[in-house]
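Visitor: Sharing query-v6.txt (compact mmCIF, C-alpha atoms) below.
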# COMPACT_ATOMS: atom_id res chain seq x y z
CA MET A 1 98.34 138.36 109.19
CA ILE A 2 99.31 135.84 111.84
CA LEU A 3 96.04 136.45 113.66
CA VAL A 4 94.09 135.88 110.46
CA SER A 5 95.98 132.66 109.78
CA VAL A 6 95.40 131.31 113.26
CA PHE A 7 91.72 132.18 112.98
CA LEU A 8 91.46 130.27 109.70
CA LEU A 9 93.25 127.25 111.09
CA ALA A 10 91.01 127.32 114.14
CA LYS A 11 88.09 126.96 111.75
CA VAL A 12 89.75 123.86 110.32
CA GLY A 13 89.63 122.25 113.72
CA LEU A 14 85.94 123.09 114.00
CA GLY A 15 85.20 121.69 110.55
CA ALA A 16 83.62 125.00 109.53
CA ASP A 17 85.11 125.08 106.02
CA ARG A 18 86.28 121.88 104.37
CA LEU A 19 88.36 123.82 101.85
CA ILE A 20 90.15 126.10 104.27
CA LEU A 21 93.52 124.34 103.77
CA TRP A 22 93.37 124.98 100.03
CA LYS A 23 92.39 128.60 100.63
CA ILE A 24 95.24 129.19 103.06
CA ALA A 25 97.73 127.55 100.69
CA ASN A 26 96.64 129.62 97.70
CA GLU A 27 95.47 132.88 99.24
CA GLN A 28 98.01 133.28 102.04
CA CYS A 29 101.07 131.11 101.48
CA VAL A 30 101.48 131.88 97.78
CA ALA A 31 100.03 135.36 97.45
CA ARG A 32 102.05 136.73 100.33
CA GLY A 33 104.98 134.39 99.91
CA SER A 34 105.73 135.57 96.39
CA ASP A 35 107.93 138.35 97.78
CA HIS A 36 110.07 135.70 99.54
CA ARG A 37 108.44 136.48 102.86
CA ILE A 38 106.61 133.36 104.04
CA PRO A 39 103.67 134.31 106.30
CA ALA A 40 102.72 132.22 109.35
CA PRO A 41 101.40 129.57 109.55
CA CYS A 42 103.07 128.76 106.20
CA LEU A 43 106.58 127.36 106.64
CA SER A 44 107.59 126.76 103.03
CA VAL A 45 106.30 127.46 99.53
CA ARG A 46 107.62 125.50 96.55
CA LEU A 47 106.38 126.83 93.20
CA ARG A 48 107.35 124.68 90.22
CA SER A 49 106.46 124.67 86.54
CA PRO A 50 104.11 121.95 85.24
CA PRO A 51 104.19 119.00 85.14
CA ARG A 52 106.03 119.28 88.47
CA ALA A 53 103.64 119.82 91.39
CA SER A 54 103.75 122.99 93.49
CA PHE A 55 103.12 122.60 97.22
CA VAL A 56 103.26 124.35 100.57
CA ILE A 57 104.24 123.18 104.04
CA LEU A 58 101.84 124.48 106.66
CA LYS A 59 101.99 124.38 110.46
CA ASP A 60 98.93 122.54 111.70
CA LEU A 61 96.95 123.79 114.66
CA VAL A 62 97.06 120.35 116.30
CA GLY A 63 100.32 119.43 118.02
CA GLU A 64 103.43 121.41 118.73
CA GLY A 65 105.37 119.97 115.81
CA GLN A 66 102.82 118.70 113.27
CA VAL A 67 103.00 120.14 109.76
CA LEU A 68 101.01 119.44 106.59
CA ALA A 69 102.24 119.01 103.02
CA ILE A 70 99.59 120.42 100.68
CA PRO A 71 99.60 120.56 96.86
CA MET A 72 98.65 123.88 95.28
CA ASP A 73 96.35 122.19 92.77
CA ARG A 74 92.75 121.64 93.78
CA ILE A 75 92.72 117.91 94.60
CA SER A 76 90.02 116.65 96.94
CA GLY A 77 91.90 113.76 98.53
CA ILE A 78 93.18 110.23 98.15
CA GLU A 79 90.14 109.30 96.06
CA SER A 80 91.00 111.75 93.28
CA PRO A 81 92.36 110.23 90.04
CA GLU A 82 94.95 113.03 90.12
CA VAL A 83 96.88 111.27 92.89
CA LEU A 84 97.97 108.53 90.50
CA LYS A 85 99.93 111.01 88.40
CA SER A 86 103.64 111.06 89.09
CA ALA A 87 103.71 114.80 89.83
CA VAL A 88 101.26 114.44 92.71
CA GLY A 89 103.12 111.37 93.95
CA GLU A 90 106.11 113.66 94.58
CA LEU A 91 104.16 115.08 97.53
CA TRP A 92 105.34 112.13 99.65
CA LEU A 93 108.97 113.07 99.14
CA ALA A 94 108.15 116.72 99.92
CA ALA A 95 106.41 115.61 103.12
CA TRP A 96 109.43 113.54 104.15
CA HIS A 97 111.76 116.47 103.58
CA ALA A 98 109.46 118.57 105.80
CA ARG A 99 110.36 116.44 108.82
CA HIS A 100 113.07 118.96 109.69
CA PHE A 101 110.30 121.47 110.44
CA VAL A 102 108.86 119.02 112.98
CA ALA A 103 112.25 118.59 114.66
CA GLY A 104 112.81 122.35 114.63
CA LEU A 105 109.43 123.17 116.14
CA LEU A 106 110.05 120.61 118.88
CA ASP A 107 113.71 121.53 119.30
CA ALA A 108 114.39 117.81 119.35
CA ASP A 109 116.47 115.14 117.66
CA LEU A 110 114.18 112.80 115.73
CA ALA A 111 115.46 109.58 114.17
CA ASP A 112 113.88 108.60 110.87
CA ASP A 113 111.83 105.87 112.54
CA ALA A 114 110.41 108.46 114.96
CA ILE A 115 108.74 110.33 112.08
CA GLY A 116 105.45 109.38 110.46
CA LEU A 117 103.63 110.56 107.35
CA ALA A 118 99.92 109.85 107.06
CA ILE A 119 97.00 110.48 104.77
CA ASN A 120 93.51 109.54 105.93
CA SER A 121 90.77 107.93 103.87
CA SER A 122 87.91 110.01 102.49
CA HIS A 123 85.76 108.52 105.27
CA ALA A 124 87.97 109.84 108.06
CA ARG A 125 89.01 113.39 107.27
CA SER A 126 87.80 116.92 107.99
CA GLN A 127 89.25 118.61 104.89
CA ASP A 128 88.54 118.11 101.19
CA GLN A 129 91.97 119.20 100.02
CA LEU A 130 94.69 116.58 99.68
CA HIS A 131 97.21 116.85 102.51
CA ILE A 132 99.79 114.64 104.21
CA HIS A 133 100.29 114.82 107.98
CA VAL A 134 103.92 114.96 109.11
CA ASP A 135 104.61 114.41 112.81
CA CYS A 136 106.10 112.07 115.39
CA ILE A 137 105.00 108.48 115.16
CA SER A 138 103.61 106.75 118.23
CA ARG A 139 106.35 105.15 120.32
CA GLU A 140 104.25 101.98 120.56
CA VAL A 141 103.96 101.85 116.78
CA ARG A 142 107.70 102.45 116.33
CA ASP A 143 108.55 99.67 118.78
CA SER A 144 106.11 97.25 117.15
CA LEU A 145 107.50 97.95 113.69
CA ARG A 146 111.02 97.35 114.94
CA ARG A 147 109.95 93.90 116.14
CA HIS A 148 108.47 93.10 112.71
CA LEU A 149 111.32 94.41 110.55
CA SER A 150 112.60 90.95 109.62
CA GLU A 151 109.13 90.04 108.29
CA LEU A 152 109.01 92.88 105.78
CA SER A 153 109.89 92.51 102.11
CA ASP A 154 109.45 94.34 98.82
CA LYS A 155 106.04 92.67 98.46
CA TRP A 156 102.90 93.64 100.31
CA SER A 157 102.40 91.43 103.37
CA SER A 158 99.51 89.03 102.90
CA HIS A 159 98.32 89.05 106.49
CA GLY A 160 99.59 92.29 107.99
CA PHE A 161 99.97 92.93 111.69
CA ALA A 162 98.19 94.89 114.37
CA LEU A 163 99.18 98.45 115.21
CA LEU A 164 97.14 100.14 117.92
CA GLY A 165 94.38 97.61 117.42
CA LYS A 166 94.15 97.88 113.61
CA ARG A 167 95.67 95.52 111.06
CA TYR A 168 97.88 97.06 108.39
CA GLN A 169 99.52 95.61 105.33
CA ALA A 170 103.15 96.66 104.94
CA ILE A 171 105.86 96.85 102.30
CA ARG A 172 109.53 97.73 102.53
CA LEU A 173 111.07 100.34 100.20
CA SER A 174 114.66 101.42 99.77
CA GLU A 175 115.53 105.11 99.87
CA SER A 176 115.77 105.24 96.07
CA GLU A 177 112.46 103.42 95.62
CA PHE A 178 110.72 105.83 97.97
CA ALA A 179 112.09 108.79 96.01
CA GLU A 180 111.07 107.34 92.65
CA ARG A 181 107.72 105.64 93.26
CA ASN A 182 104.25 107.13 93.58
CA LEU A 183 102.92 105.67 96.82
CA PHE A 184 99.33 106.31 95.78
CA ALA A 185 99.85 104.14 92.70
CA LEU A 186 101.69 101.58 94.83
CA VAL A 187 98.62 101.20 97.07
CA ALA A 188 96.25 101.18 94.10
CA SER A 189 98.16 98.19 92.75
CA ILE A 190 97.40 95.99 95.78
CA THR A 191 93.99 94.81 94.59
CA PRO A 192 91.38 95.74 91.97
CA GLU A 193 89.24 96.87 94.91
CA ALA A 194 91.87 99.39 95.98
CA ALA A 195 92.29 100.69 92.43
CA ALA A 196 88.54 101.08 91.99
CA ASP A 197 87.99 102.90 95.29
CA MET A 198 91.09 104.65 96.57
CA GLY A 199 88.90 106.80 98.79
CA ALA A 200 88.66 103.93 101.27
CA GLU A 201 92.45 103.71 101.64
CA THR A 202 94.79 105.19 104.23
CA ILE A 203 98.58 105.30 103.88
CA VAL A 204 101.21 105.73 106.60
CA VAL A 205 104.98 105.93 106.07
CA THR A 206 107.91 105.88 108.47
CA GLY A 207 111.67 105.57 108.14
CA ALA A 208 113.51 102.41 109.13
CA THR A 209 116.91 100.78 109.46
CA PHE A 210 116.51 97.18 108.34
CA PRO A 211 118.28 94.10 109.76
CA ASP A 212 120.81 94.17 106.88
CA GLY A 213 121.82 97.69 107.96
CA SER A 214 120.24 99.45 104.99
CA HIS A 215 118.08 102.52 105.44
CA GLY A 216 114.66 102.83 103.88
CA PHE A 217 110.98 103.13 104.54
CA ILE A 218 107.98 101.14 105.72
CA VAL A 219 104.73 101.88 103.90
CA LEU A 220 101.57 100.83 105.72
CA GLU A 221 98.12 100.42 104.19
CA ASP A 222 94.67 99.95 105.68
CA ARG A 223 91.24 100.01 104.07
CA ALA A 224 88.04 101.38 105.57
CA ASP A 225 85.67 98.72 106.86
CA ARG A 226 88.14 95.91 106.24
CA VAL A 227 86.95 95.16 109.75
CA PRO A 228 83.73 96.66 111.17
CA GLY A 229 84.16 100.20 112.42
CA ASP A 230 87.54 100.78 110.74
CA ARG A 231 87.39 104.19 109.00
CA ALA A 232 91.03 103.96 107.82
CA HIS A 233 92.30 106.90 109.86
CA GLY A 234 96.03 106.30 109.52
CA GLU A 235 96.76 109.50 111.41
CA ASP A 236 95.96 107.47 114.54
CA LEU A 237 99.46 105.99 114.29
CA LEU A 238 100.97 109.44 114.80
CA ASP A 239 101.47 111.00 118.22
CA HIS A 240 100.73 114.72 118.16
CA THR A 241 102.15 115.04 121.68
CA CYS A 242 105.47 113.66 120.39
CA LYS A 243 106.38 111.59 123.43
CA ILE A 244 109.02 109.88 121.30
CA ALA A 245 111.00 113.09 120.84
CA ALA A 246 114.40 113.23 122.54
CA PRO A 247 115.66 116.63 123.74
CA VAL A 248 118.61 118.03 121.86
CA GLN A 249 121.80 117.31 123.83
Represent the structure from my file as structure tokens, please.

Guide:
Amino acid sequence: MILVSVFLLAKVGLGADRLILWKIANEQCVARGSDHRIPAPCLSVRLRSPPRASFVILKDLVGEGQVLAIPMDRISGIESPEVLKSAVGELWLAAWHARHFVAGLLDADLADDAIGLAINSSHARSQDQLHIHVDCISREVRDSLRRHLSELSDKWSSHGFALLGKRYQAIRLSESEFAERNLFALVASITPEAAADMGAETIVVTGATFPDGSHGFIVLEDRADRVPGDRAHGEDLLDHTCKIAAPVQ
């Protein structure tokens, strides 16, 4: 079964089947995980009764530690109206909880601000099943965000700041706000343009310790073609080589 799974994931990288993530989640993770034996590359299966969303955590082929949080329901991506429902919004919390898989795969200690969650726009993805990338964040991005912490508030920044050459808007959330809010709806509320065309949006999240000592999250937003050539590929802020990872002492 492992060989079959690896073969299917290899096809993801080649773009051969844009629904292969959904097929793996439903045909491998759930069907063969129902006997409490989770088959590789599936790491976790969480089956819940409606309206709660069921999801799987899947080891991605790219990177030593990268995993994906994938809902069981057939949802194409960030452009789907389904993402605005609270049950689907819970996927962000599931993705954050999956960070321990990243640390375990890397055998490394990872601070909360070393972890990034990202979903790409519909213009910059290879799969047509909603999924959130969970991996190390770029060290350069982490350091830049640390320098800007005092500028963040509970309102979307009006001007944003550059991260790896792209300008992102940012908002600060407490731990309780992150657990309770649907980040898709939060981004849709920025402008009527965002609400009307969520497919052009990308969202990136990382943990943070703010200047007042509180712990929380930074949510970053970019929109495709806000500047020429920007496809809103928030995954670019992640580092699949995990240079930021510190070896376990």

Visitor: Go ahead and compute the interatomic distance for CA of Glu193 (chain A) and CA of Ile78 (chain A), in Å to one decimal.

Guide: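 The value is 14.3 Å.
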
Visitor: Please measure the separation of CA of Thr206 (chain A) and CA of Leu117 (chain A), giving the value in Å to one decimal.

Guide: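 Straight-line distance from CA of Thr206 (chain A) to CA of Leu117 (chain A) works out to 6.4 Å.
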
Visitor: May I have the residues within 12 Å of region 48-52 of chain A as a list in words, using all atoms listed in the file and disregarding those fewer than 6 positions away in the same chain?

Guide: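 Surrounding residues, per the criterion: Val30, Pro71, Met72, Asp73, Lys85, Ser86, Ala87, Val88, Gly89, Glu90, Leu91 and Ala94 of chain A.
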
Visitor: Using 12 Å as the limit and counting all atoms listed in the file, can you tabulate each residue of region 27-117 of chain A that touches region 237-242 of chain A, with its shortest atom-to-atom distance in Å and the two atoms involved, as JSON lines?

Guide:
{"residue": "A:Asp60", "atom": "CA", "partner": "A:His240", "partner_atom": "CA", "distance": 10.3}
{"residue": "A:Leu61", "atom": "CA", "partner": "A:His240", "partner_atom": "CA", "distance": 10.4}
{"residue": "A:Val62", "atom": "CA", "partner": "A:His240", "partner_atom": "CA", "distance": 7.0}
{"residue": "A:Gly63", "atom": "CA", "partner": "A:His240", "partner_atom": "CA", "distance": 4.7}
{"residue": "A:Glu64", "atom": "CA", "partner": "A:Thr241", "partner_atom": "CA", "distance": 7.1}
{"residue": "A:Gly65", "atom": "CA", "partner": "A:His240", "partner_atom": "CA", "distance": 7.4}
{"residue": "A:Gln66", "atom": "CA", "partner": "A:His240", "partner_atom": "CA", "distance": 6.6}
{"residue": "A:Val67", "atom": "CA", "partner": "A:His240", "partner_atom": "CA", "distance": 10.3}
{"residue": "A:Val102", "atom": "CA", "partner": "A:Cys242", "partner_atom": "CA", "distance": 9.8}
{"residue": "A:Ala103", "atom": "CA", "partner": "A:Cys242", "partner_atom": "CA", "distance": 10.2}
{"residue": "A:Leu105", "atom": "CA", "partner": "A:Cys242", "partner_atom": "CA", "distance": 11.1}
{"residue": "A:Leu106", "atom": "CA", "partner": "A:Cys242", "partner_atom": "CA", "distance": 8.5}
{"residue": "A:Asp107", "atom": "CA", "partner": "A:Cys242", "partner_atom": "CA", "distance": 11.4}
{"residue": "A:Ala108", "atom": "CA", "partner": "A:Cys242", "partner_atom": "CA", "distance": 9.9}
{"residue": "A:Asp109", "atom": "CA", "partner": "A:Cys242", "partner_atom": "CA", "distance": 11.4}
{"residue": "A:Leu110", "atom": "CA", "partner": "A:Cys242", "partner_atom": "CA", "distance": 9.9}
{"residue": "A:Asp113", "atom": "CA", "partner": "A:Leu238", "partner_atom": "CA", "distance": 11.7}
{"residue": "A:Ala114", "atom": "CA", "partner": "A:Cys242", "partner_atom": "CA", "distance": 9.0}
{"residue": "A:Ile115", "atom": "CA", "partner": "A:Leu238", "partner_atom": "CA", "distance": 8.3}
{"residue": "A:Gly116", "atom": "CA", "partner": "A:Leu238", "partner_atom": "CA", "distance": 6.2}
{"residue": "A:Leu117", "atom": "CA", "partner": "A:Leu238", "partner_atom": "CA", "distance": 8.0}

Visitor: Counting all atoms listed in the file, figure out which residue out of A:His215, A:Arg226, A:Arg146, A:Arg18 gets nearest to Gln169 (chain A).

Guide: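 Nearest candidate to Gln169 (chain A) out of A:His215, A:Arg226, A:Arg146, A:Arg18: A:Arg226.
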
Visitor: One decimal, Å: what's the distance from CA of Ile57 (chain A) over to CA of Ser44 (chain A), could you say?

Guide: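 That distance, rounded to one decimal, is 5.0 Å.
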
Visitor: Tell me which of A:Lys155, A:Arg147, A:Lys166, A:Arg139 sits closest to Ile244 (chain A), counting all atoms listed in the file.

Guide: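 Looking only at the distances to Ile244 (chain A), the closest residue turns out to be A:Arg139.
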
Visitor: Nearest to Asp128 (chain A) among A:Ile75, A:Leu152, A:Ala95, A:Val204, with distances taken over only C-alpha atoms: which residue is it?

Guide: A:Ile75

Visitor: Return the single residue from A:Ile38, A:Leu84, A:Leu220, A:Leu58 that is closest to Val141 (chain A), with distances computed using only C-alpha atoms.

Guide: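 Residue with the minimum atom-to-atom distance to Val141 (chain A): A:Leu220.
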
Visitor: List as number ranges by chain the protein and nucleic acid residues near Ala195 (chain A), meaning an atom at most 10 Å away when all atoms listed in the file are counted, but skip any in the same chain fewer than 2 places from it.

Guide: A: 79, 81, 84, 184-193, 197-199, 201

Visitor: Would you please work out which residue, of A:Ala124, A:Ile132, A:Leu93, A:Ile203, is nearest to Glu180 (chain A) when using only C-alpha atoms?

Guide: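 Under the stated criterion, the closest residue is A:Leu93.
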
Visitor: Using all atoms listed in the file, which of the listed residues (A:His100, A:Lys59, A:Arg142, A:His131) sits closest to Trp22 (chain A)?

Guide: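 Closest residue, counting all atoms listed in the file: A:His131.
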